[in-house]
Amino acid sequence: MSGLRYWYAENRGTTFAFGLFVLMFAIYLFNYPSALSSNVFQTAANKAVLLALVSMGQALVVLTAGIDLSIGMTLVLTNCVGSWIVTGDALHSALGIAGVLAAGALCGALNGIIIIYGRLQPIVTTIATGAVYYGLALLLRPVPGGSINEDLADALTGKVAGVVPASLLILLAAVVIVWIPFKRSAIGRAAYATGSSESAAFLSGMPILRAKFASYTLAGLLAAIGGLFLTFFTDTGEASLGSANSYTLFSIAAVVIGGVSLLGGKGSAIGAIFGAFAFRSIGDLLFVFNVDALWQPLFQGVILLLAVAIGACGLFRVRNRLEWFQ
Amino acid sequence: MQQDEEQPFFQMSGVSKSYGGAVALDRADLAVRKGRIHAILGENGAGKSTLLKVMSGVVQPDEGTMHLDGREVSFASPAGANAAGIVCVYQELSLIPDLSVADNIFASNPPRRFGMIDRRAQRHQAEDALARAGAADINPLAKVRDLPLSRQQMVELAKGLAHEPRILILDEATSALTAADVARVIEVLKRLRDEGLALLFISHRMHEVKALADECTVYRNGRHVMSFEAGTRTDNEVVEMMIGRKYQHAFPDKPTDKPGRRLAAEPVLTCRDLAWNDTLQGISFSLKPGEILGLGGLDGQGQRELLLALFGVLRGCAGKIEIDGKAVSITSPVAARANEIGMALIPEDRKTEGLMLPMSVRENLSFAALDRMSTAGVIDRDRQQSLVDRMMELLAIKSFSVDAAVGSLSGGNQQKVVIAKWLIRQPRILLLSDPTRGIDVGTKQEIYQLLRRLADEGAAILFYSTDYDELIGCCDRVLVLYEGRIKKELVGPAITEQNLIASALDLPVGQVSPSTGVAL
């Protein structure tokens, strides 16, 4: 019983994000019962998975008390890379996918190296590298274009067995292959420790540098999976500054809704995934209620504020004011 | 020097270390043997901490050599020292607040299965380590952040033991422990010694040194002064070696010692039935100008919360607080420090609650009294400078410049800055939460003198200390708290170690002997 209590204490943020998403999704289904079989839902799921992948990556970095403002640019860059090289026969496409993933991981690794060895602050570093990545994307695709292996695109953006969106399975795979081993490994724990108290982690002889490096690199990798997906989804490569910026900012919003502390050390990528789902559901709900799309940013902002405010409600119960500052 | 024929297990020779221009260690030597408890003594700034940091790989020496088990060694990081079997339990906790106790104990080397952390094994091994450290009551799944400081320190010890050390270093590792914990830790350390471990420890508490050490080494100004068998020198001799000057009375005279001095008649602060959550219950007392009132008892019995409640930090307090006989409601530190109340709080943790470490001494000294040194919201540099200068002089704060970052000062001088920033306001009521924790003997004495002088000038002082000697030496009266209630009030000559400990444990005071059980 007490084990359950400790589990809940650790996963409160994740549970909250999950609850929020379930609530919004229930409202969605209630008003649009035929959603599950429609193409609208398929599109919504694909978009949500895209943001969820980027948010997972952001969560990995935020856990170390860092932040990756270049993650949206990495997504856009890998989208452009993908539109060049994921083509042709099966072998060629497979090599192309490996190339895209490597490019994303490289972007993340570069962030990590600069932050660790250059001792620069993550905010400034990733603003700068983000501009570089976007610049590269522009060089690759001055105008939108390119294409992608269409069989693969159809398979991965469609449904498996006619029910489950394939994109959700990809997300599940990313959780199983990236997040769970990370969370359970000594490196992952060192990432949490670094975010919580870097000096204590250092004094405990934990691998701080490797942990940060792994976090940034995996964030780049997850952004690349997202970029690949964006390419499958749109069948084109586009160096869009607008979407790069919004993915960066939305990923931070998703991470916060998902209960990952921006101070580091607390939360999980699972929370970030549900945070992303909840955030994306806002737009889908507006669609169901026939609200003009122009209202979407305004509502997203209001819901984000509300979600964060609910998360902060616990502060009202604090009776020792020093705890506000911890 | 050592006459032992046996080669020491660990030996450090001619080790020097400078930080910028400041020499922390000056050709220091140390010899450590297996199966012995070795106390390192010295004032703050004597180089003790640097010595241990060099040993445990946190800093690298400028020159000198280290030999472990006959082989020359050097450590590039704490991990390297751990691998060689040298493990340090720190005074500044090295725990990670957001991780569980078990995660912390196995922070650097968790049990693994298929390359991933085996959480079940880790939990069981953490339980074992906690039991070995004498802290089996701590749940390994609890988050470290949620534990009180004294429990955290026990986790820190368990973490050290989980490394299977050959040399265990304790750097002020008992400073936040409760008396009951200290007794258990002493037992644990003696057992480890008998198992053949080499133990090194720094403590400012002389009775712990006496209870534990087999051998003592004194350092002063970064140099080795003398090593000797425990019990072969008197307290005064040891203290003289440490401070390098004649040791006189540690504590200033109390007014009761001077005939003809009387306290003011009316209390400045009266507390009636103060209560907060379950932590404080029915707290009633009064405090007069010129009086030093001690708060005693085991650590964590509500003493800190009482000070925080008075200072307006806690919300939802029940009961009444009266200043000069008039009921007041103190809703925030801003209200508490206002002129009509005139309260100041020297908080428990100077590094996080008392100081802005990267900012200058001048700024830090100014923070509590910016309103006194500014006109229409603009800081008057001259007035600031004169107040700061006065405080630097009054408390003899040693800093090469008032523009130096306060974090670069020694612990004792940092604490003086915390006290001085409040003295600028000339508080009528001074609340102190364990103000001498982890600072050197010399500064402690200066603080005792200062408190008595402030009291003589009419301040009312409420002084919480975890050190019984301080309560005995400094206080006119002591309130002993137990589970959030005042269990006993000890006045004047009744403030003895035996009475303090007895009432802290909620035992009858004045018991003749435990065997007869007869209370006087």
# chains A, B, ... in the order shown; residues from 1 in each chain; ligands from 1
$ residues_around --residues "Gly104 (chain A)" --least-positions-apart "6" --cutoff "9 Å" --atoms "only C-alpha atoms" --output "list in words"
Thr74, Leu75, Leu77, Thr78, Thr217, Leu218, Ala219, Gly220, Leu221, Leu222, Ala223, Ala224, Ile225 and Gly227 of chain A
$ interface_residues --of "chain B" --to "chain A" --cutoff "9 Å" --atoms "only C-alpha atoms" --output "PyMOL selection string"
chain B and resi 58+77-80+82+90+92-99+103-104+107-110+112+115-119+141-143+276-277+305+308-309+313-317
$ write_last_selection --atoms "C-alpha atoms" --output "PDB file, in the first residue's frame"
ATOM      1  CA  VAL B  58      36.972  16.267  -5.412  1.00  0.00           C
ATOM      2  CA  SER B  77      37.264  12.514  -9.617  1.00  0.00           C
ATOM      3  CA  PRO B  78      35.164  11.284  -6.682  1.00  0.00           C
ATOM      4  CA  ALA B  79      34.354   8.226  -8.786  1.00  0.00           C
ATOM      5  CA  GLY B  80      38.069   7.393  -8.995  1.00  0.00           C
ATOM      6  CA  ASN B  82      35.362   5.514  -4.692  1.00  0.00           C
ATOM      7  CA  TYR B  90      29.707  14.940   3.258  1.00  0.00           C
ATOM      8  CA  GLU B  92      26.981  19.492   2.669  1.00  0.00           C
ATOM      9  CA  LEU B  93      24.655  16.714   1.696  1.00  0.00           C
ATOM     10  CA  SER B  94      25.453  15.025  -1.580  1.00  0.00           C
ATOM     11  CA  LEU B  95      21.949  13.612  -1.882  1.00  0.00           C
ATOM     12  CA  ILE B  96      19.708  14.242  -4.853  1.00  0.00           C
ATOM     13  CA  PRO B  97      16.439  15.637  -3.498  1.00  0.00           C
ATOM     14  CA  ASP B  98      14.081  14.373  -6.210  1.00  0.00           C
ATOM     15  CA  LEU B  99      15.295  10.781  -6.187  1.00  0.00           C
ATOM     16  CA  ASP B 103      18.157   5.578  -5.807  1.00  0.00           C
ATOM     17  CA  ASN B 104      20.421   7.847  -3.809  1.00  0.00           C
ATOM     18  CA  ALA B 107      23.438   6.576  -7.182  1.00  0.00           C
ATOM     19  CA  SER B 108      26.704   5.760  -8.860  1.00  0.00           C
ATOM     20  CA  ASN B 109      26.629   1.995  -8.958  1.00  0.00           C
ATOM     21  CA  PRO B 110      23.135   0.522  -8.957  1.00  0.00           C
ATOM     22  CA  ARG B 112      21.809  -4.146 -12.671  1.00  0.00           C
ATOM     23  CA  GLY B 115      22.032  -3.630 -18.284  1.00  0.00           C
ATOM     24  CA  MET B 116      19.094  -1.932 -16.590  1.00  0.00           C
ATOM     25  CA  ILE B 117      18.703  -0.989 -12.969  1.00  0.00           C
ATOM     26  CA  ASP B 118      17.232  -3.858 -10.979  1.00  0.00           C
ATOM     27  CA  ARG B 119      14.882  -1.927  -8.767  1.00  0.00           C
ATOM     28  CA  LEU B 141      11.094   4.387  -1.500  1.00  0.00           C
ATOM     29  CA  ALA B 142      10.667   7.753   0.219  1.00  0.00           C
ATOM     30  CA  LYS B 143      11.834  10.804  -1.655  1.00  0.00           C
ATOM     31  CA  TRP B 276       0.583  25.051  13.832  1.00  0.00           C
ATOM     32  CA  ASN B 277      -0.395  21.853  12.028  1.00  0.00           C
ATOM     33  CA  GLU B 305       8.841  25.854  13.110  1.00  0.00           C
ATOM     34  CA  LEU B 308       9.368  30.450  11.514  1.00  0.00           C
ATOM     35  CA  ALA B 309       5.900  30.912  13.025  1.00  0.00           C
ATOM     36  CA  VAL B 313       6.558  32.408   7.518  1.00  0.00           C
ATOM     37  CA  LEU B 314       3.955  29.805   8.455  1.00  0.00           C
ATOM     38  CA  ARG B 315       0.334  30.126   7.457  1.00  0.00           C
ATOM     39  CA  GLY B 316      -2.608  29.065   9.573  1.00  0.00           C
ATOM     40  CA  CYS B 317      -1.035  29.478  13.014  1.00  0.00           C
TER      41      CYS B 317
END
$ atom_distance --atom1 "CA of His92 (chain A)" --atom2 "CA of Lys47 (chain A)"
26.5 Å
$ select_by_dssp --residues "region 90-240 of chain A" --states "strand (DSSP E or B)" --output "NGL selection string"
:A and (145 or 159-160 or 164-165 or 237)
$ residues_around --residues "Val188 (chain B)" --least-positions-apart "3" --cutoff "10 Å" --atoms "only C-alpha atoms" --output "VMD selection string"
chain B and resid 131 to 134 182 to 185 191 to 194
$ atom_distance --atom1 "CA of Arg381 (chain B)" --atom2 "CA of Met343 (chain B)"
25.3 Å
$ atom_distance --atom1 "CA of Ala126 (chain B)" --atom2 "CA of Leu147 (chain B)"
15.9 Å
$ select_by_dssp --residues "region 143-260 of chain A" --states "helix (DSSP H, G or I)" --output "JSON, numbers by chain"
{"A": [150, 151, 152, 153, 154, 155, 156, 157, 166, 167, 168, 169, 170, 171, 172, 173, 174, 175, 176, 177, 178, 179, 180, 181, 182, 183, 184, 186, 187, 188, 189, 190, 191, 192, 193, 194, 195, 196, 198, 199, 200, 201, 202, 203, 208, 209, 210, 211, 212, 213, 214, 215, 216, 217, 218, 219, 220, 221, 222, 223, 224, 225, 226, 227, 228, 229, 230, 231, 232, 233, 234, 241, 242, 243, 244, 245, 246, 247, 248, 249, 250, 251, 252, 253, 254, 255, 256, 257]}
$ residues_around --residues "Lys212 (chain A)" --least-positions-apart "3" --cutoff "9 Å" --atoms "only C-alpha atoms" --output "list in words"
Val61, Thr64, Gly66, Gly112, Ile113, Ile115, Ile116, Ile187, Ala190, Ala191, Thr194, Pro207, Ile208, Leu209, Ser215, Tyr216 and Thr217 of chain A
$ write_last_selection --atoms "C-alpha atoms" --output "CSV table (one decimal), in the first residue's frame"
chain,number,residue,atom,x,y,z
A,61,VAL,CA,16.4,17.5,-21.9
A,64,THR,CA,18.4,17.5,-16.8
A,66,GLY,CA,18.2,22.1,-19.6
A,112,GLY,CA,25.1,18.4,-25.9
A,113,ILE,CA,28.8,18.8,-26.8
A,115,ILE,CA,26.6,22.7,-23.6
A,116,ILE,CA,28.9,20.2,-21.8
A,187,ILE,CA,22.6,7.1,-17.4
A,190,ALA,CA,22.1,10.3,-13.7
A,191,ALA,CA,20.1,12.6,-15.9
A,194,THR,CA,21.7,16.2,-12.7
A,207,PRO,CA,28.2,10.2,-14.9
A,208,ILE,CA,26.8,13.7,-15.3
A,209,LEU,CA,28.4,14.5,-18.7
A,215,SER,CA,19.7,13.4,-23.1
A,216,TYR,CA,20.4,15.9,-25.9
A,217,THR,CA,21.3,13.2,-28.4
$ closest_residue --among "B:Ala376, B:Leu432, B:Cys271, B:Leu310" --to "Arg350 (chain B)" --atoms "only C-alpha atoms"
B:Leu432
$ residues_around --residues "region 36-44 of chain A" --least-positions-apart "2" --cutoff "10 Å" --atoms "only C-alpha atoms" --output "PDB file with C-alpha atoms, in the first residue's frame"
ATOM      1  CA  LEU A  29     -15.869  11.078 -28.616  1.00  0.00           C
ATOM      2  CA  TYR A  32     -18.360  12.847 -32.389  1.00  0.00           C
ATOM      3  CA  PRO A  33     -19.094   9.138 -31.800  1.00  0.00           C
ATOM      4  CA  SER A  34     -18.076   8.060 -35.277  1.00  0.00           C
ATOM      5  CA  ASN A  46      -0.892  11.529 -36.626  1.00  0.00           C
ATOM      6  CA  LYS A  47      -0.528  15.167 -35.647  1.00  0.00           C
ATOM      7  CA  ALA A  48      -0.678  14.315 -31.964  1.00  0.00           C
ATOM      8  CA  VAL A  49       1.978  11.629 -32.337  1.00  0.00           C
ATOM      9  CA  LEU A  50       4.241  14.104 -34.091  1.00  0.00           C
ATOM     10  CA  THR A 157       0.298   7.105 -41.739  1.00  0.00           C
ATOM     11  CA  GLY A 158      -2.587   4.648 -42.107  1.00  0.00           C
ATOM     12  CA  LYS A 159      -4.146   2.080 -39.828  1.00  0.00           C
ATOM     13  CA  GLY A 162      -8.068  -1.284 -39.817  1.00  0.00           C
ATOM     14  CA  VAL A 163      -8.306   0.070 -36.252  1.00  0.00           C
ATOM     15  CA  VAL A 164      -5.113   1.312 -34.661  1.00  0.00           C
ATOM     16  CA  PRO A 165      -3.291   4.229 -36.284  1.00  0.00           C
ATOM     17  CA  ALA A 166       0.183   3.026 -37.257  1.00  0.00           C
ATOM     18  CA  SER A 167       1.636   6.250 -35.882  1.00  0.00           C
ATOM     19  CA  PHE A 233       2.624  12.725 -43.542  1.00  0.00           C
ATOM     20  CA  PHE A 277      -2.060  14.631 -26.619  1.00  0.00           C
ATOM     21  CA  ARG A 280      -3.435  18.706 -29.466  1.00  0.00           C
ATOM     22  CA  SER A 281      -6.938  17.716 -28.319  1.00  0.00           C
ATOM     23  CA  GLY A 283      -7.684  21.958 -31.585  1.00  0.00           C
ATOM     24  CA  ASP A 284      -9.636  18.789 -32.251  1.00  0.00           C
ATOM     25  CA  PHE A 287     -13.174  21.324 -34.671  1.00  0.00           C
TER      26      PHE A 287
END
$ residues_around --residues "Leu241 (chain A)" --least-positions-apart "5" --cutoff "9 Å" --atoms "only C-alpha atoms" --output "PyMOL selection string"
chain A and resi 72-73+76+134+246
$ write_last_selection --atoms "N, CA and C atoms" --output "mmCIF file, in the first residue's frame"
data_model
loop_
_atom_site.group_PDB
_atom_site.id
_atom_site.type_symbol
_atom_site.label_atom_id
_atom_site.label_comp_id
_atom_site.auth_asym_id
_atom_site.auth_seq_id
_atom_site.Cartn_x
_atom_site.Cartn_y
_atom_site.Cartn_z
ATOM 1 N N GLY A 72 12.472 22.054 -32.599
ATOM 2 C CA GLY A 72 11.592 22.219 -33.750
ATOM 3 C C GLY A 72 12.379 22.374 -35.038
ATOM 4 N N MET A 73 13.538 23.040 -34.950
ATOM 5 C CA MET A 73 14.384 23.206 -36.125
ATOM 6 C C MET A 73 14.998 21.877 -36.541
ATOM 7 N N VAL A 76 12.378 20.127 -38.476
ATOM 8 C CA VAL A 76 12.236 20.653 -39.834
ATOM 9 C C VAL A 76 13.429 20.242 -40.697
ATOM 10 N N TYR A 134 18.081 25.437 -38.902
ATOM 11 C CA TYR A 134 17.068 25.953 -39.812
ATOM 12 C C TYR A 134 17.730 26.463 -41.095
ATOM 13 N N SER A 246 6.724 26.690 -33.765
ATOM 14 C CA SER A 246 5.584 26.249 -32.964
ATOM 15 C C SER A 246 5.858 24.873 -32.358
#
